[in-house]
Every structure is written in C-alpha cells, then in structure tokens.
file model.cif (mmCIF, C-alpha atoms)
data_entry
loop_
_atom_site.label_atom_id
_atom_site.label_comp_id
_atom_site.auth_asym_id
_atom_site.auth_seq_id
_atom_site.Cartn_x
_atom_site.Cartn_y
_atom_site.Cartn_z
CA MET A 29 0.00 0.00 0.00
CA HIS A 30 2.88 2.30 0.94
CA ARG A 31 4.72 1.47 -2.30
CA ALA A 32 1.50 1.96 -4.27
CA SER A 33 0.90 5.43 -2.82
CA LEU A 34 4.51 6.45 -3.49
CA LEU A 35 4.24 5.21 -7.08
CA LEU A 36 1.03 7.21 -7.42
CA VAL A 37 2.83 10.35 -6.25
CA LEU A 38 5.62 9.73 -8.73
CA ALA A 39 3.14 9.13 -11.55
CA ALA A 40 1.46 12.44 -10.68
CA VAL A 41 4.83 14.21 -10.81
CA ALA A 42 5.53 12.59 -14.19
CA VAL A 43 2.20 13.79 -15.57
CA LEU A 44 2.74 17.29 -14.21
CA ALA A 45 6.28 17.43 -15.56
CA CYS A 46 5.24 16.77 -19.13
CA GLY A 47 4.13 19.82 -21.05
CA CYS A 48 3.96 22.54 -18.44
CA SER A 49 7.46 22.83 -17.05
CA TYR A 50 9.20 26.17 -17.24
CA SER A 51 12.45 27.73 -16.22
CA MET A 52 12.35 31.37 -15.22
CA HIS A 53 15.75 32.89 -16.02
CA GLU A 54 15.50 36.61 -15.54
CA TYR A 55 13.17 39.49 -14.79
CA GLN A 56 14.23 43.09 -15.13
CA ALA A 57 12.34 46.27 -14.29
CA ALA A 58 14.12 49.39 -15.50
CA GLY A 59 13.92 52.68 -17.33
CA TYR A 60 11.18 54.51 -15.45
CA ALA A 61 12.64 57.92 -16.26
CA PRO A 62 11.79 59.14 -19.78
CA ALA A 63 14.71 59.35 -22.20
CA THR A 64 13.62 62.72 -23.58
CA GLN A 65 11.35 65.59 -22.41
CA THR A 66 12.46 64.96 -18.87
CA SER A 67 10.70 68.06 -17.56
CA GLY A 68 7.27 69.52 -18.19
CA PRO A 69 3.73 68.35 -17.47
CA PRO A 70 3.02 64.63 -17.00
CA ARG A 71 2.14 62.77 -20.20
CA GLN A 72 -0.54 60.19 -20.86
CA ALA A 73 0.84 56.67 -20.59
CA VAL A 74 -0.49 53.55 -22.30
CA TRP A 75 0.61 49.97 -21.57
CA ILE A 76 2.25 48.19 -24.49
CA HIS A 77 3.34 44.60 -24.61
CA SER A 78 5.36 42.36 -26.90
CA ARG A 79 6.47 38.76 -26.93
CA ALA A 80 8.72 36.63 -29.12
CA ASN A 81 9.56 32.92 -29.03
CA GLN A 82 12.23 30.62 -30.36
CA GLY A 83 11.69 26.87 -30.67
CA VAL A 84 14.85 24.80 -30.25
CA ILE A 85 15.27 21.06 -30.86
CA LEU A 86 18.10 19.21 -29.10
CA GLY A 87 19.64 22.53 -28.13
CA VAL A 88 20.79 23.30 -31.67
CA THR A 89 20.41 26.94 -32.62
CA ASP A 90 22.74 29.65 -33.85
CA ASN A 91 21.03 32.89 -32.87
CA THR A 92 19.08 34.83 -30.27
CA ASP A 93 17.13 36.88 -32.78
CA TYR A 94 13.89 36.41 -30.84
CA VAL A 95 15.14 39.04 -28.38
CA ASP A 96 15.57 41.60 -31.16
CA GLU A 97 12.16 40.59 -32.50
CA ALA A 98 10.46 41.27 -29.17
CA TYR A 99 12.30 44.60 -28.90
CA GLN A 100 11.28 45.70 -32.42
CA ARG A 101 7.67 44.66 -31.82
CA LEU A 102 7.66 46.83 -28.70
CA LEU A 103 9.10 49.79 -30.63
CA SER A 104 6.56 49.39 -33.42
CA GLN A 105 3.69 49.95 -30.99
CA CYS A 106 4.84 53.40 -29.86
CA SER A 107 6.20 56.45 -31.67
CA GLY A 108 6.87 58.34 -28.42
CA ASP A 109 9.07 57.64 -25.42
CA ILE A 110 8.94 54.12 -24.04
CA VAL A 111 9.49 53.88 -20.29
CA ALA A 112 9.00 51.40 -17.42
CA VAL A 113 10.35 48.51 -19.47
CA ASN A 114 9.78 45.19 -17.70
CA THR A 115 11.54 42.29 -19.42
CA ARG A 116 11.02 38.61 -18.69
CA TYR A 117 13.18 35.82 -20.12
CA SER A 118 11.96 32.25 -19.57
CA THR A 119 12.00 28.83 -21.25
CA LYS A 120 9.20 26.31 -21.66
CA LEU A 121 10.81 22.89 -21.31
CA GLY A 122 9.74 19.93 -23.40
CA PHE A 123 10.73 16.52 -24.72
CA LEU A 124 14.28 16.97 -26.08
CA SER A 125 13.25 20.46 -27.14
CA TYR A 126 12.34 23.76 -25.56
CA ARG A 127 10.93 27.18 -26.38
CA ASN A 128 12.64 30.38 -25.29
CA THR A 129 10.41 33.37 -24.63
CA VAL A 130 11.19 37.04 -24.12
CA GLU A 131 8.26 39.15 -23.02
CA MET A 132 8.38 42.93 -22.61
CA GLN A 133 5.85 45.22 -20.96
CA ALA A 134 6.30 48.99 -20.99
CA PHE A 135 4.56 52.35 -20.96
CA CYS A 136 4.25 54.40 -24.12
CA LEU A 137 4.32 58.16 -23.54
CA GLU A 138 2.75 60.03 -26.45
CA MET B 22 34.45 4.62 19.63
CA ALA B 23 33.83 7.19 22.43
CA SER B 24 35.78 9.87 20.51
CA MET B 25 33.72 9.13 17.40
CA ARG B 26 30.51 9.70 19.36
CA ARG B 27 31.84 13.08 20.55
CA PHE B 28 32.40 14.25 16.98
CA LEU B 29 29.10 12.86 15.72
CA PRO B 30 27.05 16.02 16.61
CA LEU B 31 29.64 18.14 14.78
CA PHE B 32 29.31 15.87 11.77
CA PHE B 33 25.52 16.35 11.69
CA LEU B 34 25.90 20.11 12.28
CA GLY B 35 27.70 20.20 8.95
CA PHE B 36 24.43 19.21 7.30
CA ALA B 37 22.40 21.84 9.17
CA PRO B 38 22.74 24.55 6.49
CA PRO B 39 20.93 22.47 3.84
CA LEU B 40 18.06 22.08 6.30
CA VAL B 41 17.48 25.84 6.23
CA GLY B 42 18.04 26.00 2.46
CA CYS B 43 20.86 27.08 0.19
CA ALA B 44 20.35 30.56 -1.24
CA THR B 45 21.52 31.30 -4.77
CA LEU B 46 21.63 34.59 -6.62
CA HIS B 47 21.26 33.88 -10.34
CA ARG B 48 20.96 37.38 -11.78
CA ALA B 49 21.29 40.92 -10.48
CA GLN B 50 20.70 44.09 -12.47
CA LEU B 51 20.77 47.70 -11.34
CA ASP B 52 19.11 50.62 -13.08
CA GLU B 53 20.06 54.30 -12.84
CA ILE B 54 19.73 56.06 -9.51
CA ASP B 55 18.53 59.65 -9.57
CA GLY B 56 18.63 61.47 -6.26
CA GLN B 57 18.33 64.97 -7.66
CA HIS B 58 14.57 65.39 -7.87
CA GLY B 59 13.19 64.70 -4.41
CA HIS B 60 13.20 62.46 -1.37
CA LEU B 61 13.68 58.72 -2.07
CA VAL B 62 11.29 56.31 -0.34
CA PRO B 63 12.37 52.66 -0.64
CA PHE B 64 10.05 49.80 -1.58
CA GLU B 65 10.49 46.09 -2.23
CA ILE B 66 8.41 43.64 -4.25
CA HIS B 67 8.98 39.93 -3.74
CA VAL B 68 7.20 37.26 -5.79
CA SER B 69 7.85 33.53 -5.68
CA GLU B 70 6.97 30.18 -7.16
CA THR B 71 7.74 26.66 -5.96
CA GLY B 72 10.40 24.85 -7.96
CA VAL B 73 10.76 21.08 -8.14
CA ASN B 74 13.93 19.07 -8.66
CA THR B 75 12.55 15.93 -10.32
CA LYS B 76 15.75 13.89 -10.00
CA ALA B 77 15.98 14.66 -6.28
CA VAL B 78 12.35 13.59 -5.83
CA GLY B 79 13.18 10.35 -7.63
CA GLN B 80 16.23 9.76 -5.44
CA ILE B 81 14.25 10.34 -2.24
CA ALA B 82 11.53 7.98 -3.44
CA SER B 83 14.15 5.38 -4.40
CA VAL B 84 15.66 5.52 -0.92
CA ALA B 85 12.22 5.36 0.71
CA MET B 86 11.02 2.46 -1.43
CA ARG B 87 14.44 0.76 -1.63
CA SER B 88 13.97 0.43 -5.36
CA ALA B 89 15.72 1.90 -8.38
CA ARG B 90 12.45 2.37 -10.27
CA PRO B 91 11.56 5.84 -8.95
CA SER B 92 15.01 7.13 -9.94
CA GLN B 93 14.59 5.61 -13.39
CA LEU B 94 11.16 7.19 -13.72
CA ALA B 95 12.60 10.53 -12.62
CA SER B 96 15.29 10.23 -15.30
CA LEU B 97 12.59 9.58 -17.88
CA VAL B 98 10.66 12.63 -16.67
CA ALA B 99 13.87 14.69 -16.96
CA LEU B 100 13.82 14.01 -20.74
CA PHE B 101 10.54 15.92 -20.83
CA GLN B 102 12.19 18.83 -19.01
CA PHE B 103 14.97 19.38 -21.53
CA GLY B 104 16.43 22.85 -21.89
CA PRO B 105 18.39 25.61 -20.18
CA LYS B 106 17.51 25.96 -16.52
CA THR B 107 18.00 28.67 -13.95
CA GLY B 108 17.20 27.28 -10.54
CA ASN B 109 14.61 24.50 -10.46
CA VAL B 110 11.72 23.85 -12.80
CA VAL B 111 8.51 25.79 -12.09
CA TYR B 112 5.00 25.18 -13.42
CA ASP B 113 4.12 28.82 -14.05
CA ASP B 114 6.53 31.25 -15.73
CA GLU B 115 4.15 34.21 -15.43
CA PHE B 116 4.40 34.55 -11.66
CA ALA B 117 6.55 37.67 -12.00
CA ASP B 118 4.36 39.45 -14.56
CA ALA B 119 2.42 41.28 -11.86
CA VAL B 120 5.58 43.11 -10.73
CA ALA B 121 5.08 45.81 -13.38
CA THR B 122 1.67 46.84 -12.05
CA THR B 123 2.76 46.35 -8.42
CA ILE B 124 5.55 48.91 -8.88
CA LEU B 125 2.93 51.46 -9.91
CA GLU B 126 0.78 50.56 -6.91
CA ARG B 127 3.74 51.35 -4.65
CA CYS B 128 4.58 54.53 -6.60
CA PRO B 129 1.33 55.90 -8.07
CA THR B 130 3.13 58.90 -9.60
CA ALA B 131 5.35 56.45 -11.57
CA ARG B 132 8.42 58.41 -10.46
CA VAL B 133 10.68 55.46 -9.76
CA THR B 134 14.44 55.20 -9.62
CA GLY B 135 17.24 52.96 -8.40
CA LEU B 136 15.56 49.73 -9.47
CA MET B 137 17.44 46.55 -8.58
CA SER B 138 16.08 43.36 -10.12
CA LEU B 139 17.15 40.06 -8.59
CA ARG B 140 16.51 36.45 -9.59
CA GLU B 141 17.12 34.22 -6.59
CA SER B 142 16.31 30.78 -5.32
CA THR B 143 16.44 28.95 -2.02
CA ASN B 144 17.07 25.25 -2.49
CA TYR B 145 15.69 22.60 -0.12
CA TYR B 146 17.04 19.67 -2.18
CA ALA B 147 13.82 18.32 -3.75
CA VAL B 148 11.89 21.58 -3.77
CA SER B 149 12.96 25.18 -3.91
CA GLY B 150 11.62 28.69 -3.71
CA GLU B 151 12.16 30.53 -6.99
CA TYR B 152 12.04 34.27 -6.36
CA VAL B 153 11.98 37.52 -8.28
CA THR B 154 12.76 40.53 -6.11
CA VAL B 155 12.56 44.11 -7.27
CA ARG B 156 13.78 46.89 -4.97
CA GLY B 157 13.60 50.55 -5.80
CA TYR B 158 12.78 54.05 -4.66
CA CYS B 159 9.76 56.27 -5.16
CA ILE B 160 10.70 59.90 -5.77
CA VAL B 161 8.64 62.02 -3.43
CA ASP B 162 8.62 65.86 -3.41
CA MET C 23 26.94 -8.55 -45.07
CA THR C 24 26.11 -4.83 -45.46
CA LYS C 25 26.78 -2.44 -42.58
CA PRO C 26 23.70 -0.81 -41.05
CA ILE C 27 23.39 2.77 -42.32
CA PHE C 28 20.81 3.94 -39.78
CA PRO C 29 23.29 4.63 -36.94
CA PHE C 30 25.66 6.28 -39.44
CA ALA C 31 22.83 8.51 -40.68
CA ILE C 32 21.98 9.57 -37.12
CA LEU C 33 25.63 10.29 -36.31
CA SER C 34 26.00 12.34 -39.49
CA ALA C 35 22.89 14.35 -38.69
CA LEU C 36 24.14 15.03 -35.18
CA ALA C 37 27.57 16.06 -36.48
CA LEU C 38 25.98 18.47 -38.96
CA ALA C 39 23.73 19.86 -36.25
CA SER C 40 26.71 20.41 -33.96
CA LEU C 41 28.29 22.62 -36.66
CA ALA C 42 25.36 25.02 -36.16
CA GLY C 43 26.38 25.21 -32.55
CA CYS C 44 24.40 25.73 -29.42
CA THR C 45 23.69 29.39 -28.84
CA SER C 46 21.99 30.41 -25.64
CA LEU C 47 20.98 33.69 -24.14
CA GLN C 48 22.58 34.29 -20.75
CA SER C 49 21.14 37.69 -19.92
CA VAL C 50 19.06 40.47 -21.49
CA SER C 51 18.40 44.01 -20.36
CA VAL C 52 16.50 46.98 -21.79
CA THR C 53 16.56 50.63 -20.77
CA GLN C 54 14.08 53.41 -21.51
CA ILE C 55 13.68 54.08 -25.24
CA PRO C 56 13.56 57.57 -26.80
CA ALA C 57 10.98 58.84 -29.24
CA ASP C 58 13.74 59.97 -31.62
CA ARG C 59 15.11 56.75 -33.13
CA SER C 60 16.73 58.25 -36.19
CA ARG C 61 20.29 57.40 -35.10
CA PRO C 62 20.54 53.69 -34.26
CA LEU C 63 23.74 52.34 -32.74
CA HIS C 64 25.23 48.86 -32.63
CA ALA C 65 28.27 47.45 -30.84
CA GLN C 66 29.44 43.91 -30.25
CA VAL C 67 32.31 42.28 -28.41
CA SER C 68 33.20 38.61 -28.30
CA ASN C 69 35.68 36.21 -26.84
CA THR C 70 36.57 32.69 -28.00
CA ALA C 71 38.09 29.99 -25.82
CA LEU C 72 38.98 26.35 -26.15
CA LEU C 73 36.98 24.07 -23.85
CA GLY C 74 35.26 27.17 -22.47
CA ILE C 75 38.28 28.06 -20.35
CA HIS C 76 38.46 31.84 -20.14
CA PHE C 77 41.19 33.55 -18.16
CA ASP C 78 39.63 36.98 -17.90
CA ASN C 79 36.57 39.06 -18.83
CA ASP C 80 38.49 41.95 -20.37
CA PHE C 81 36.76 41.42 -23.73
CA ILE C 82 33.80 43.43 -22.41
CA GLU C 83 35.74 46.65 -21.88
CA PRO C 84 35.63 48.14 -25.42
CA LEU C 85 31.82 47.85 -25.59
CA THR C 86 30.94 51.17 -23.93
CA ALA C 87 33.65 53.05 -25.83
CA ASN C 88 32.36 51.59 -29.13
CA LEU C 89 28.89 52.92 -28.44
CA MET C 90 30.15 56.31 -27.34
CA ARG C 91 32.33 56.62 -30.47
CA GLN C 92 29.20 56.30 -32.60
CA CYS C 93 27.47 59.08 -30.64
CA PRO C 94 29.97 61.92 -30.17
CA GLN C 95 28.83 64.39 -27.51
CA GLY C 96 25.39 62.83 -27.54
CA ARG C 97 23.45 60.61 -25.20
CA VAL C 98 23.19 56.86 -25.72
CA THR C 99 19.85 55.52 -24.62
CA GLY C 100 17.29 52.83 -25.48
CA ILE C 101 20.01 50.24 -24.96
CA LEU C 102 19.17 46.57 -25.52
CA THR C 103 21.99 44.40 -24.16
CA LYS C 104 22.23 40.68 -24.92
CA GLN C 105 24.80 38.36 -23.41
CA GLU C 106 25.09 35.15 -25.45
CA SER C 107 27.12 31.98 -25.30
CA SER C 108 27.75 29.71 -28.31
CA VAL C 109 29.32 26.28 -28.06
CA TYR C 110 30.82 24.59 -31.16
CA VAL C 111 31.91 21.14 -29.99
CA ILE C 112 34.95 22.16 -27.89
CA ILE C 113 35.02 25.88 -28.58
CA GLN C 114 32.96 28.40 -26.66
CA VAL C 115 32.28 31.92 -27.87
CA ARG C 116 31.00 34.54 -25.44
CA ARG C 117 29.35 37.53 -27.04
CA VAL C 118 27.78 40.74 -25.73
CA VAL C 119 25.69 42.73 -28.21
CA ALA C 120 24.41 46.22 -27.45
CA THR C 121 22.04 48.20 -29.64
CA GLY C 122 20.70 51.62 -28.84
CA TYR C 123 19.93 55.09 -30.09
CA CYS C 124 21.88 58.33 -30.04
CA VAL C 125 19.94 61.43 -28.99
CA TYR C 126 21.02 65.02 -28.77
CA ASP C 127 19.22 67.02 -26.10
CA PRO C 128 18.10 70.54 -27.14
CA PRO C 129 20.32 73.30 -25.71
CA PRO C 130 18.93 75.09 -22.60
CA ALA C 131 16.96 78.28 -23.36
CA GLN C 132 19.10 81.47 -23.27
CA PRO C 133 17.75 84.60 -21.43
CA SER C 134 16.44 87.21 -23.94
CA GLU C 135 18.23 90.61 -24.31
CA ALA C 136 14.90 92.48 -23.75
CA THR C 137 14.77 91.18 -20.23
CA ALA C 138 18.29 92.44 -19.52
CA MET C 139 17.36 95.93 -20.82
CA GLN C 140 14.27 96.01 -18.61
CA GLU C 141 16.40 95.20 -15.56
CA MET C 142 18.78 98.08 -16.32
CA HIS C 143 15.89 100.57 -16.22
#
call {"tool": "encode", "arguments": {"input": "model.cif", "output": "structure tokens"}}
result
Amino acid sequence: MHRASLLLVLAAVAVLACGCSYSMHEYQAAGYAPATQTSGPPRQAVWIHSRANQGVILGVTDNTDYVDEAYQRLLSQCSGDIVAVNTRYSTKLGFLSYRNTVEMQAFCLE
Amino acid sequence: MASMRRFLPLFFLGFAPPLVGCATLHRAQLDEIDGQHGHLVPFEIHVSETGVNTKAVGQIASVAMRSARPSQLASLVALFQFGPKTGNVVYDDEFADAVATTILERCPTARVTGLMSLRESTNYYAVSGEYVTVRGYCIVD
Amino acid sequence: MTKPIFPFAILSALALASLAGCTSLQSVSVTQIPADRSRPLHAQVSNTALLGIHFDNDFIEPLTANLMRQCPQGRVTGILTKQESSVYVIIQVRRVVATGYCVYDPPPAQPSEATAMQEMH
C-alpha cells in the first residue's frame, strides 16, 4: 500500500512534468525615467506589450534573434518615449526540445 | 568509539545549512539612480513560485522504497524537461508578470528610480523557492 | 553482409547539427527608449576559448567606448543588451551585443536681451 501510494505520487509528478514545465531565467524592471522631455507636465501613458519565441530542438540553434524581434515589436507599438520597461526571459521545457520566450511590458508616452 | 561519538554532533551540524536552504543569486541588475529630484522612499516587491527538482524527488523515493524504479522514472521525466535551466523547474513562468503593475501601486506617480532586479532561489534539495525581487525608490517631493 | 546505415545517418545528422552550434541567451536588459530613433547604434564584443576556459573578462571593456564613439557628444539611450554563449563542440564563444539610439538634447533656453534691458531701467 505504501509502495503503491509512493508510485502514485511519482506518476502524478511525471504527468505534471510533461508539457507545463518552465524555467524562469530573468526578470528586469528598469527605465522609469523618460529618455527625452524629462521636464514639463506629466504625459498620458499607455501599456504596451510584446512577446517573441524561439523553438529549439536538441539545443541546436545559432542565434538569439527572438530578443531583437520582441524589442522591435515593442518599438513598433509606440512612436513616443517608451518607459517602465519590464523584461522577462523564460523557457518552456519539453521533450528533447524547448521554447525560449522574451516578453516585454512597458509604458508608451505620447 | 567514544571519541567518534563526541564528533558525531559536529558531523551532523555540517548538514544543518541544507536544512534551512541554500540561497543562490542567479541574476542581479541595477538601473540608474537619480537622487536629484526629491526624497527617495524605498520599496520592495517579492514574488515567488515553488520549484521542483525531479531527480531529487526520484532519489528520495528510491531511498524510501528501496527500489531503483523511482530514480529511473525521474530520469525519464527529466527528458521531458529538456532545456536551459536557472534554478529549479517551475509550473508557471508568469508569476513575476504582476511586478510591473505592483511597482505602480507602490509609486502611483510612476516616479521610480534605483531599481534593482534580482533572480534568486532557495534550495531545499527536492523543492525550492524561486524568487523575483525588485527593490527601488519612489521619488517624493 | 552490409553495414547498417541507420546509426551512421543519425551520427552524421548530429555532427551536422553540432556545426550550427548551441547558442543560448545568458542575460538580457533593456533601458528606456527615446521617441527619436533616427540614429541607431550597434556594438558587439566577443571572446573565443577552447573548452570554455576563459582567463579573464576583459573582452567586455571596449563595448561602452564603441557605443560612445558612434554618438559623439550625444546621449546613448534605449540600450538593448544581450549576453550570449555559443558552443561549437569544444570551442565556446562569449558575445555581448548592445544596440541603442543616439539622442542630442536641445540646448537650454538662453535669457532674452529684452529682459536684460528692462532690468537696467
């Protein structure tokens, strides 16, 4: 009975481990001061958000272009100053493959 | 034999630190610090998620059941957790996404400076606490 | 008796894949981004080592100077910094890439001569 319950726990862990395992590498909050027009009345801020992924099989890849992609997608959403940039870098783990994700949230000041 | 018994408590004391967890700092980043525009009021935001070390769980189960099968099963599960890892595996990678809005709750004027972003973990062998800590200052007139 | 080709095919595929290398992102950071993005900047430094044995981190030092050289007497902002690591069998390449924008702040407003004349009266 004891062995059966332990095996059940292990089977539950195995089920949980497949398909929804992640590794959280880094989170950065920075850049809350505007790059230009640093004085004057407060400006209206709008949340903008971008995300880019890279699928990798067996760890073979030769670039990190998904980071630049997320950055450019963020820039394309705002023609004004972009402040309060929060960047998350994580990986969704899988069977002999994984998916890297960079997600950026920021404020657009028009 | 008597001298061995005297040193036995010291031997077990050596394992005491793992009982309270091993702390690891994976990443640290510091943003600009502007002290020219007002009084700085510190704040700290701390979010966490439970991490699991599948191989360690398998090893513990193998010792408990006196069988190699749990370790073998854990090794099989590890194939489904392939990829770069920082700390232990978590089951939700969005646990830190609320930090952005929480910073604005702490500083409603959005005048924030001196942000330090940390990625840490505290390891308790089979499980761990995976943390994101953000410390900063609100600029107050 | 013919030799089995299936293991050879797998080994060949793995060898070809290893030539592409294993590139991973170690760290990424972003600062505030300006509205004026007409002057993009780019700088990159790298360091190669056998078996991943590096004896110092001095390769990073020229990075800031490279960016500043592209923006004389300006301000470098909107910096995206990526730290990467690539492994090609027994060779490891560390790379730091920084992209940003160069902005020139408007000069501070000068006091008008009319004001000075009014003060004299």
call {"tool": "atom_distance", "arguments": {"input": "model.cif", "atom1": "CA of His53 (chain A)", "atom2": "CA of Thr143 (chain B)"}}
result
14.6 Å
call {"tool": "resolve_selection", "arguments": {"input": "model.cif", "expression": "the PyMOL selection byres ((chain A and resi 73-90) around 8)", "output": "PyMOL selection string"}}
result
(chain A and resi 71-72+91-92+94-95+97-99+101-102+105-106+124-138) or (chain B and resi 104) or (chain C and resi 39-40+42-46+108)
call {"tool": "interface_residues", "arguments": {"input": "model.cif", "of": "chain B", "to": "chain A", "cutoff": "7 Å", "atoms": "only C-alpha atoms", "output": "list in words"}}
result
Arg48, Asp52, Met86, Val98, Leu100, Phe101, Gln102, Phe103, Gly104, Lys106, Thr107, Asn109, Val110, Val111, Tyr112, Asp113, Asp114, Ala121, Arg132, Val133, Thr134, Leu136, Ser138, Arg140 and Val153 of chain B
call {"tool": "interface_residues", "arguments": {"input": "model.cif", "of": "chain C", "to": "chain A", "cutoff": "12 Å", "atoms": "only C-alpha atoms", "output": "PyMOL selection string"}}
result
chain C and resi 35-60+97-111+115+117-128+130
call {"tool": "atom_distance", "arguments": {"input": "model.cif", "atom1": "CA of Pro69 (chain A)", "atom2": "CA of Cys93 (chain C)"}}
result
28.7 Å
call {"tool": "residues_around", "arguments": {"input": "model.cif", "residues": "Gly108 (chain B)", "least_positions_apart": "5", "cutoff": "10 Å", "atoms": "only C-alpha atoms", "output": "PyMOL selection string"}}
result
(chain A and resi 51-53) or (chain B and resi 45-47+72-74+140-144+149-152)
call {"tool": "atom_distance", "arguments": {"input": "model.cif", "atom1": "CA of Gly42 (chain B)", "atom2": "CA of Tyr145 (chain B)"}}
result
4.9 Å
call {"tool": "residues_around", "arguments": {"input": "model.cif", "residues": "region 69-74 of chain C", "least_positions_apart": "6", "cutoff": "8 Å", "atoms": "all atoms listed in the file", "output": "VMD selection string"}}
result
chain C and resid 81 112 to 117
call {"tool": "resolve_selection", "arguments": {"input": "model.cif", "expression": "the PyMOL selection byres ((chain C and resi 65) around 8)", "output": "list in words"}}
result
Leu63, His64, Gln66, Val67, Leu85, Asn88, Leu89, Val119, Ala120 and Thr121 of chain C
call {"tool": "residues_around", "arguments": {"input": "model.cif", "residues": "Ile66 (chain B)", "least_positions_apart": "6", "cutoff": "9 Å", "atoms": "only C-alpha atoms", "output": "PyMOL selection string"}}
result
chain B and resi 120+123-124+153-157
call {"tool": "build_atoms", "arguments": {"input": "model.cif", "residues": "region 69-82 of chain A", "atoms": "N, CA and C atoms", "output": "PDB file, in the coordinates of the input"}}
result
ATOM      1  N   PRO A  69       4.900  68.987 -18.075  1.00  0.00           N
ATOM      2  CA  PRO A  69       3.730  68.350 -17.470  1.00  0.00           C
ATOM      3  C   PRO A  69       3.744  66.829 -17.700  1.00  0.00           C
ATOM      4  N   PRO A  70       3.078  66.089 -16.810  1.00  0.00           N
ATOM      5  CA  PRO A  70       3.020  64.630 -17.000  1.00  0.00           C
ATOM      6  C   PRO A  70       2.296  64.279 -18.298  1.00  0.00           C
ATOM      7  N   ARG A  71       2.732  63.202 -18.928  1.00  0.00           N
ATOM      8  CA  ARG A  71       2.140  62.770 -20.200  1.00  0.00           C
ATOM      9  C   ARG A  71       1.278  61.534 -19.993  1.00  0.00           C
ATOM     10  N   GLN A  72       0.332  61.361 -20.908  1.00  0.00           N
ATOM     11  CA  GLN A  72      -0.540  60.190 -20.860  1.00  0.00           C
ATOM     12  C   GLN A  72       0.268  58.944 -21.194  1.00  0.00           C
ATOM     13  N   ALA A  73       0.087  57.903 -20.374  1.00  0.00           N
ATOM     14  CA  ALA A  73       0.840  56.670 -20.590  1.00  0.00           C
ATOM     15  C   ALA A  73      -0.110  55.532 -20.933  1.00  0.00           C
ATOM     16  N   VAL A  74       0.313  54.699 -21.867  1.00  0.00           N
ATOM     17  CA  VAL A  74      -0.490  53.550 -22.300  1.00  0.00           C
ATOM     18  C   VAL A  74       0.397  52.307 -22.205  1.00  0.00           C
ATOM     19  N   TRP A  75      -0.136  51.225 -21.657  1.00  0.00           N
ATOM     20  CA  TRP A  75       0.610  49.970 -21.570  1.00  0.00           C
ATOM     21  C   TRP A  75       0.788  49.386 -22.980  1.00  0.00           C
ATOM     22  N   ILE A  76       2.001  48.956 -23.268  1.00  0.00           N
ATOM     23  CA  ILE A  76       2.250  48.190 -24.490  1.00  0.00           C
ATOM     24  C   ILE A  76       2.979  46.915 -24.099  1.00  0.00           C
ATOM     25  N   HIS A  77       2.869  45.933 -24.976  1.00  0.00           N
ATOM     26  CA  HIS A  77       3.340  44.600 -24.610  1.00  0.00           C
ATOM     27  C   HIS A  77       3.801  43.870 -25.860  1.00  0.00           C
ATOM     28  N   SER A  78       4.905  43.161 -25.748  1.00  0.00           N
ATOM     29  CA  SER A  78       5.360  42.360 -26.900  1.00  0.00           C
ATOM     30  C   SER A  78       5.946  41.057 -26.395  1.00  0.00           C
ATOM     31  N   ARG A  79       5.919  40.061 -27.285  1.00  0.00           N
ATOM     32  CA  ARG A  79       6.470  38.760 -26.930  1.00  0.00           C
ATOM     33  C   ARG A  79       7.054  38.104 -28.169  1.00  0.00           C
ATOM     34  N   ALA A  80       8.149  37.384 -27.998  1.00  0.00           N
ATOM     35  CA  ALA A  80       8.720  36.630 -29.120  1.00  0.00           C
ATOM     36  C   ALA A  80       9.263  35.308 -28.587  1.00  0.00           C
ATOM     37  N   ASN A  81       9.150  34.264 -29.422  1.00  0.00           N
ATOM     38  CA  ASN A  81       9.560  32.920 -29.030  1.00  0.00           C
ATOM     39  C   ASN A  81      10.599  32.360 -29.983  1.00  0.00           C
ATOM     40  N   GLN A  82      11.310  31.370 -29.505  1.00  0.00           N
ATOM     41  CA  GLN A  82      12.230  30.620 -30.360  1.00  0.00           C
ATOM     42  C   GLN A  82      12.121  29.147 -29.970  1.00  0.00           C
TER      43      GLN A  82
END
